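Here's final.txt, which has compact mmCIF, C-alpha atoms:
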# COMPACT_ATOMS: atom_id res chain seq x y z
CA MET A 1 84.94 49.75 130.56
CA ASN A 2 84.71 50.10 126.80
CA LEU A 3 86.68 47.98 124.37
CA PRO A 4 89.73 50.02 123.24
CA LEU A 5 89.70 50.80 119.53
CA PHE A 6 92.72 51.95 117.50
CA LEU A 7 93.41 53.39 114.13
CA VAL A 8 95.34 51.13 111.79
CA GLN A 9 98.61 53.02 112.33
CA ASP A 10 98.21 52.84 116.14
CA ASP A 11 97.14 49.21 116.45
CA PRO A 12 99.48 47.44 118.96
CA GLY A 13 98.81 44.09 117.28
CA PRO A 14 99.39 40.95 119.39
CA ASP A 15 101.83 42.70 121.77
CA PHE A 16 100.03 42.76 125.13
CA SER A 17 102.58 45.08 126.75
CA GLN A 18 102.02 47.61 123.96
CA LEU A 19 98.28 47.34 124.54
CA LEU A 20 98.76 48.20 128.23
CA GLN A 21 100.89 51.20 127.33
CA ARG A 22 98.45 52.50 124.69
CA THR A 23 95.53 52.25 127.10
CA GLY A 24 97.41 53.92 129.96
CA PHE A 25 97.70 50.91 132.25
CA ALA A 26 101.51 50.79 132.08
CA SER A 27 104.25 53.35 131.63
CA PRO A 28 106.44 53.24 128.51
CA SER A 29 109.47 52.32 130.62
CA SER A 30 108.45 48.66 130.88
CA PRO A 31 105.41 46.41 130.34
CA GLY A 32 104.13 46.61 133.91
CA GLY A 33 105.28 50.11 134.87
CA LEU A 34 108.47 48.71 136.44
CA ALA A 35 111.81 49.73 135.03
CA PRO A 36 114.42 46.93 134.63
CA GLU A 37 116.62 48.54 137.27
CA ASP A 38 113.83 48.20 139.86
CA TYR A 39 114.44 44.48 140.40
CA ARG A 40 117.15 41.88 139.93
CA HIS A 41 117.51 39.40 137.09
CA GLY A 42 119.53 36.22 137.17
CA THR A 43 121.03 34.30 134.25
CA THR A 44 122.54 31.96 132.79
CA CYS A 45 121.98 28.24 133.56
CA VAL A 46 122.66 24.95 131.80
CA ALA A 47 121.75 21.31 132.43
CA ILE A 48 123.60 18.38 130.86
CA ARG A 49 122.98 14.65 130.98
CA TYR A 50 125.98 12.38 131.43
CA ALA A 51 126.74 8.74 132.18
CA ASP A 52 125.79 8.74 135.88
CA GLY A 53 122.98 11.31 135.92
CA VAL A 54 122.61 14.99 135.18
CA LEU A 55 124.62 18.13 135.93
CA MET A 56 123.22 21.63 136.54
CA ALA A 57 125.28 24.82 136.50
CA GLY A 58 124.54 28.51 136.79
CA ASP A 59 126.58 31.69 136.74
CA ARG A 60 126.55 33.98 139.79
CA ARG A 61 125.75 37.44 138.37
CA ALA A 62 122.49 39.31 139.00
CA THR A 63 121.72 42.52 137.14
CA SER A 64 119.35 45.44 137.66
CA GLY A 65 119.00 47.10 134.30
CA HIS A 66 122.55 47.84 133.14
CA LEU A 67 123.99 47.54 136.66
CA ILE A 68 125.58 44.49 138.29
CA SER A 69 123.53 44.24 141.47
CA GLN A 70 125.10 41.06 142.86
CA ARG A 71 128.17 39.03 141.91
CA ASN A 72 127.60 35.86 143.96
CA MET A 73 123.92 35.03 143.57
CA GLU A 74 122.87 31.38 143.95
CA LYS A 75 120.90 30.10 140.94
CA VAL A 76 121.04 26.32 141.35
CA PHE A 77 119.13 24.70 144.23
CA PRO A 78 118.23 21.18 145.33
CA ALA A 79 114.50 20.54 144.98
CA ASP A 80 114.77 17.35 147.02
CA ARG A 81 117.28 14.51 147.37
CA HIS A 82 117.18 13.50 143.70
CA SER A 83 116.24 16.66 141.79
CA GLY A 84 117.31 20.27 141.35
CA VAL A 85 116.15 23.61 139.96
CA ALA A 86 118.18 26.28 138.15
CA ILE A 87 116.53 29.69 137.93
CA ALA A 88 116.61 32.48 135.37
CA GLY A 89 114.52 35.63 135.19
CA ALA A 90 113.25 37.91 137.95
CA ALA A 91 115.24 36.85 140.99
CA GLY A 92 112.67 37.58 143.72
CA PRO A 93 109.76 35.55 142.30
CA ALA A 94 112.17 32.82 141.16
CA ILE A 95 113.67 32.25 144.62
CA GLU A 96 110.22 32.37 146.22
CA MET A 97 109.01 29.80 143.69
CA VAL A 98 111.94 27.48 144.48
CA LYS A 99 111.31 27.67 148.24
CA LEU A 100 107.62 26.88 147.77
CA PHE A 101 108.48 24.04 145.38
CA GLN A 102 110.87 22.53 147.93
CA LEU A 103 108.21 22.77 150.61
CA GLN A 104 105.54 21.14 148.42
CA LEU A 105 107.78 18.20 147.57
CA GLU A 106 108.68 17.68 151.21
CA HIS A 107 105.02 17.92 152.25
CA TYR A 108 103.96 15.38 149.61
CA GLU A 109 106.61 12.92 150.76
CA LYS A 110 105.59 13.25 154.41
CA VAL A 111 101.89 12.82 153.65
CA GLU A 112 102.19 10.01 151.10
CA GLY A 113 105.22 8.26 152.59
CA THR A 114 107.01 8.25 149.25
CA ALA A 115 108.60 10.83 146.97
CA LEU A 116 106.66 12.24 144.03
CA SER A 117 107.72 10.85 140.64
CA LEU A 118 110.08 12.96 138.55
CA ASP A 119 107.32 13.62 136.01
CA GLY A 120 105.04 14.66 138.85
CA LYS A 121 107.65 17.09 140.15
CA ALA A 122 108.04 18.61 136.69
CA ASN A 123 104.27 18.96 136.38
CA GLN A 124 104.07 20.66 139.78
CA LEU A 125 106.74 23.17 138.80
CA SER A 126 104.95 23.74 135.50
CA GLN A 127 101.77 24.73 137.34
CA MET A 128 103.70 27.15 139.54
CA ILE A 129 105.22 28.84 136.49
CA ARG A 130 101.76 29.07 134.92
CA SER A 131 100.50 30.78 138.08
CA ASN A 132 103.21 33.40 137.67
CA LEU A 133 101.99 34.36 134.19
CA PRO A 134 100.34 37.65 135.31
CA MET A 135 103.69 38.75 136.77
CA ALA A 136 105.49 37.52 133.66
CA MET A 137 103.26 39.76 131.54
CA GLN A 138 104.55 42.67 133.63
CA GLY A 139 108.14 41.75 132.82
CA MET A 140 108.88 39.61 135.89
CA ALA A 141 109.17 36.26 134.14
CA VAL A 142 110.61 33.13 135.75
CA VAL A 143 111.99 30.49 133.36
CA PRO A 144 113.78 27.72 135.28
CA LEU A 145 115.36 24.43 134.36
CA PHE A 146 114.43 21.27 136.24
CA ALA A 147 116.47 18.08 136.35
CA GLY A 148 116.71 14.96 138.43
CA PHE A 149 117.64 11.31 138.63
CA ASP A 150 114.71 9.05 137.83
CA LEU A 151 115.08 6.08 140.18
CA SER A 152 112.49 4.07 138.24
CA ARG A 153 114.50 4.41 135.02
CA SER A 154 117.99 4.65 136.59
CA GLU A 155 118.87 7.67 134.47
CA GLY A 156 119.06 11.45 134.61
CA ARG A 157 116.30 13.52 132.98
CA LEU A 158 115.91 17.24 132.39
CA TYR A 159 113.13 19.68 131.51
CA GLU A 160 112.77 23.15 130.02
CA PHE A 161 109.79 25.47 130.53
CA ASP A 162 108.32 28.62 129.00
CA ILE A 163 106.58 31.49 130.81
CA THR A 164 103.13 29.94 130.23
CA GLY A 165 104.12 26.81 132.15
CA GLY A 166 104.80 24.72 129.06
CA ARG A 167 106.96 21.73 130.00
CA TYR A 168 109.40 20.20 127.53
CA GLU A 169 111.68 17.26 128.30
CA GLU A 170 115.08 17.43 126.62
CA ALA A 171 117.13 14.37 125.75
CA ASP A 172 120.67 15.58 126.38
CA HIS A 173 121.07 19.22 127.44
CA ALA A 174 119.20 22.49 127.96
CA SER A 175 119.95 26.12 128.78
CA THR A 176 118.05 29.20 129.92
CA GLY A 177 118.69 32.89 130.50
CA SER A 178 120.05 35.75 128.45
CA GLY A 179 123.30 33.90 127.75
CA SER A 180 121.56 30.63 126.89
CA LEU A 181 122.23 30.92 123.15
CA HIS A 182 125.99 31.10 123.64
CA ALA A 183 126.15 28.61 126.52
CA GLY A 184 123.85 26.18 124.71
CA THR A 185 125.97 26.36 121.56
CA VAL A 186 129.13 25.48 123.47
CA VAL A 187 127.38 22.55 125.16
CA LYS A 188 125.93 21.36 121.86
CA LEU A 189 129.32 21.37 120.15
CA GLY A 190 131.11 19.69 123.03
CA TYR A 191 128.46 17.17 124.04
CA SER A 192 128.72 13.43 123.53
CA THR A 193 126.68 10.58 124.99
CA ASN A 194 127.78 8.96 128.25
CA MET A 195 130.24 11.71 129.14
CA SER A 196 132.32 11.28 132.29
CA ILE A 197 131.78 13.51 135.30
CA ASP A 198 135.10 15.29 134.74
CA ARG A 199 134.34 16.08 131.11
CA VAL A 200 130.81 17.32 131.81
CA ILE A 201 131.98 19.66 134.60
CA ASP A 202 134.65 21.12 132.31
CA LEU A 203 132.07 21.55 129.54
CA ALA A 204 129.68 23.42 131.86
CA ILE A 205 132.44 25.78 133.03
CA GLU A 206 133.49 26.44 129.45
CA ALA A 207 129.88 27.10 128.40
CA LEU A 208 129.36 29.72 131.12
CA PHE A 209 132.77 31.24 130.38
CA GLU A 210 131.87 31.73 126.72
CA ALA A 211 128.40 33.03 127.58
CA ALA A 212 129.94 35.64 129.89
CA ASP A 213 132.29 36.69 127.10
CA GLU A 214 129.32 37.57 124.87
CA ASP A 215 126.50 38.45 127.28
CA SER A 216 126.91 41.31 129.77
CA ALA A 217 124.27 39.86 132.12
CA THR A 218 126.23 36.62 132.57
CA GLY A 219 129.11 36.46 135.02
CA GLY A 220 131.99 34.13 134.25
CA PRO A 221 134.41 32.58 136.76
CA ASP A 222 135.98 35.40 138.80
CA MET A 223 139.39 34.15 139.90
CA ILE A 224 140.31 37.44 141.58
CA ARG A 225 137.28 37.44 143.92
CA GLY A 226 137.14 33.65 144.15
CA ILE A 227 133.61 33.50 142.70
CA TYR A 228 132.81 30.45 140.57
CA PRO A 229 129.63 29.07 139.00
CA VAL A 230 127.32 26.91 141.08
CA VAL A 231 127.76 23.38 139.71
CA ALA A 232 125.86 20.39 141.06
CA THR A 233 125.41 16.77 140.03
CA ILE A 234 122.30 14.65 140.58
CA THR A 235 122.84 10.89 140.54
CA ALA A 236 121.47 7.80 142.23
CA ASP A 237 123.41 8.94 145.31
CA GLY A 238 121.52 12.24 145.35
CA TYR A 239 122.20 15.94 144.86
CA ARG A 240 125.83 17.02 145.34
CA ARG A 241 127.37 20.44 144.85
CA ILE A 242 130.88 20.65 143.40
CA GLY A 243 133.30 22.51 145.69
CA ASP A 244 134.81 25.87 144.76
CA ASP A 245 138.35 24.51 145.15
CA ASP A 246 137.70 21.93 142.44
CA LEU A 247 136.09 24.56 140.19
CA ALA A 248 139.04 26.93 140.72
CA THR A 249 141.49 24.22 139.66
CA ARG A 250 139.45 23.38 136.57
CA THR A 251 139.04 27.04 135.63
CA GLN A 252 142.78 27.63 135.92
CA ALA A 253 143.45 24.59 133.74
CA MET A 254 141.01 25.92 131.13
CA VAL A 255 142.74 29.31 131.11
CA GLU A 256 146.15 27.65 130.68
CA ARG A 257 144.88 25.56 127.77
CA ARG A 258 143.56 28.69 126.09
CA ARG A 259 146.83 30.52 126.56
CA GLY A 260 148.72 27.63 125.04
CA SER A 261 146.43 27.30 122.02

Just give me the structure of the file as structure tokens.
Amino acid sequence: MNLPLFLVQDDPGPDFSQLLQRTGFASPSSPGGLAPEDYRHGTTCVAIRYADGVLMAGDRRATSGHLISQRNMEKVFPADRHSGVAIAGAAGPAIEMVKLFQLQLEHYEKVEGTALSLDGKANQLSQMIRSNLPMAMQGMAVVPLFAGFDLSRSEGRLYEFDITGGRYEEADHASTGSGSLHAGTVVKLGYSTNMSIDRVIDLAIEALFEAADEDSATGGPDMIRGIYPVVATITADGYRRIGDDDLATRTQAMVERRRGS
């Protein structure tokens, strides 16, 4: 195979997807020959530290191109007793990655007799994301959030990643997905140190509500269908998912406050 050469006006520059298209290895519809409507995407997720640990929340909408392909998708999962993963990106590879991650953590604990450290868990997930890079270059990226309660430090910690497997620990909050800019802004404006559990749950619901108002790929609380974000807390007592009844009450209260303002 010869090295592809281009005229100046046709040079794709550093864009690898454009290089694939120019050389005939991918169709113009998408970087890897797959159109966006061929697979499902999931967004948006946030993670917030608070007084007792860390909270993770994700909306429930999955899209295929411009279509809503699923309204009640799960995007927040327990990784083990004291950590969790929130997924964004191509839904199929993301869910497969979470299942394998859960299995690896369980296997490590059974073999070693003790749980992997929180930093070790983050490193393991980072390697899995790096292994997905060839798929990410075809448009099927997976960009999760990881958070957990560090028993050695007695505090919650959270991590962001990029598609190359880069791992970045955040001090207070993080967001991912197509609505992350809007959700992250709401969290940033409403965040304060040592927030109570009630305040942090309300802040997460409000963040996803505002993201859904601006981003078509993000689904807000659906009070008609009874579909609410997945919200979970991770503390010294472990991973716990907040019930839909509680989320419905909080969402209704938020709506009433907005109507009265």

Exercise. Pick out the residues sitting within 10 Å of A:Ser117, and hand them over as a list in words; count all atoms listed in the file, and ignore anything fewer than 3 positions along from it in its own chain.
Key: Thr114, Gly120, Lys121, Ala122, Asn123, Asp150, Leu151 and Ser152 of chain A

Exercise. Go through A:Gly65, A:Pro144, A:Gly84, A:Pro134 one by one, measure the shortest atom-to-atom distance of each to A:Thr176 using all atoms listed in the file, and give the residue with the smallest value.
Key: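 So, comparing all the options, the nearest one is A:Pro144.
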
Quiz item: How far is it from atom CA of A:Ala62 to atom CA of A:Val46, in Å with one decimal?
Solution: 16.1 Å

Quiz item: What lies within 10 Å of A:Asn132 using all atoms listed in the file, ignoring chain neighbours under 6 positions off, as a PyMOL selection string?
Solution: chain A and resi 93-94+97+140-142+163-165

Quiz item: What is the distance, in Å and to one decimal place, between atom CA of A:Ile227 and atom CA of A:Ala183?
Solution: 18.5 Å

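The space separating atom CA of A:Ala115 from atom CA of A:Pro78 comes to 14.2 Å.
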
Self-check item: For A:Ser83: contacts at 12 Å, all atoms listed in the file, fewer than 3 positions along chain excluded, given as JSON, numbers by chain
Solution: {"A": [47, 53, 54, 55, 56, 76, 77, 78, 79, 80, 86, 98, 101, 102, 105, 115, 116, 117, 118, 119, 120, 121, 122, 125, 145, 146, 147, 148, 149, 150, 151, 155, 156, 157, 158, 159, 232, 233, 234, 235, 236, 237, 238, 239, 240]}

Quiz prompt | For A:Gly243, the nearest of the candidates A:Ile201, A:Ile224, A:Met135, A:Ala207, counting all atoms listed in the file | solution =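 Closest candidate: A:Ile201.
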
Self-check item: Using all atoms listed in the file: which of A:Arg81, A:Arg241, A:Arg153, A:Lys99 has the shortest distance to A:Ala57
Solution: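 Result for the nearest residue to A:Ala57: A:Arg241.
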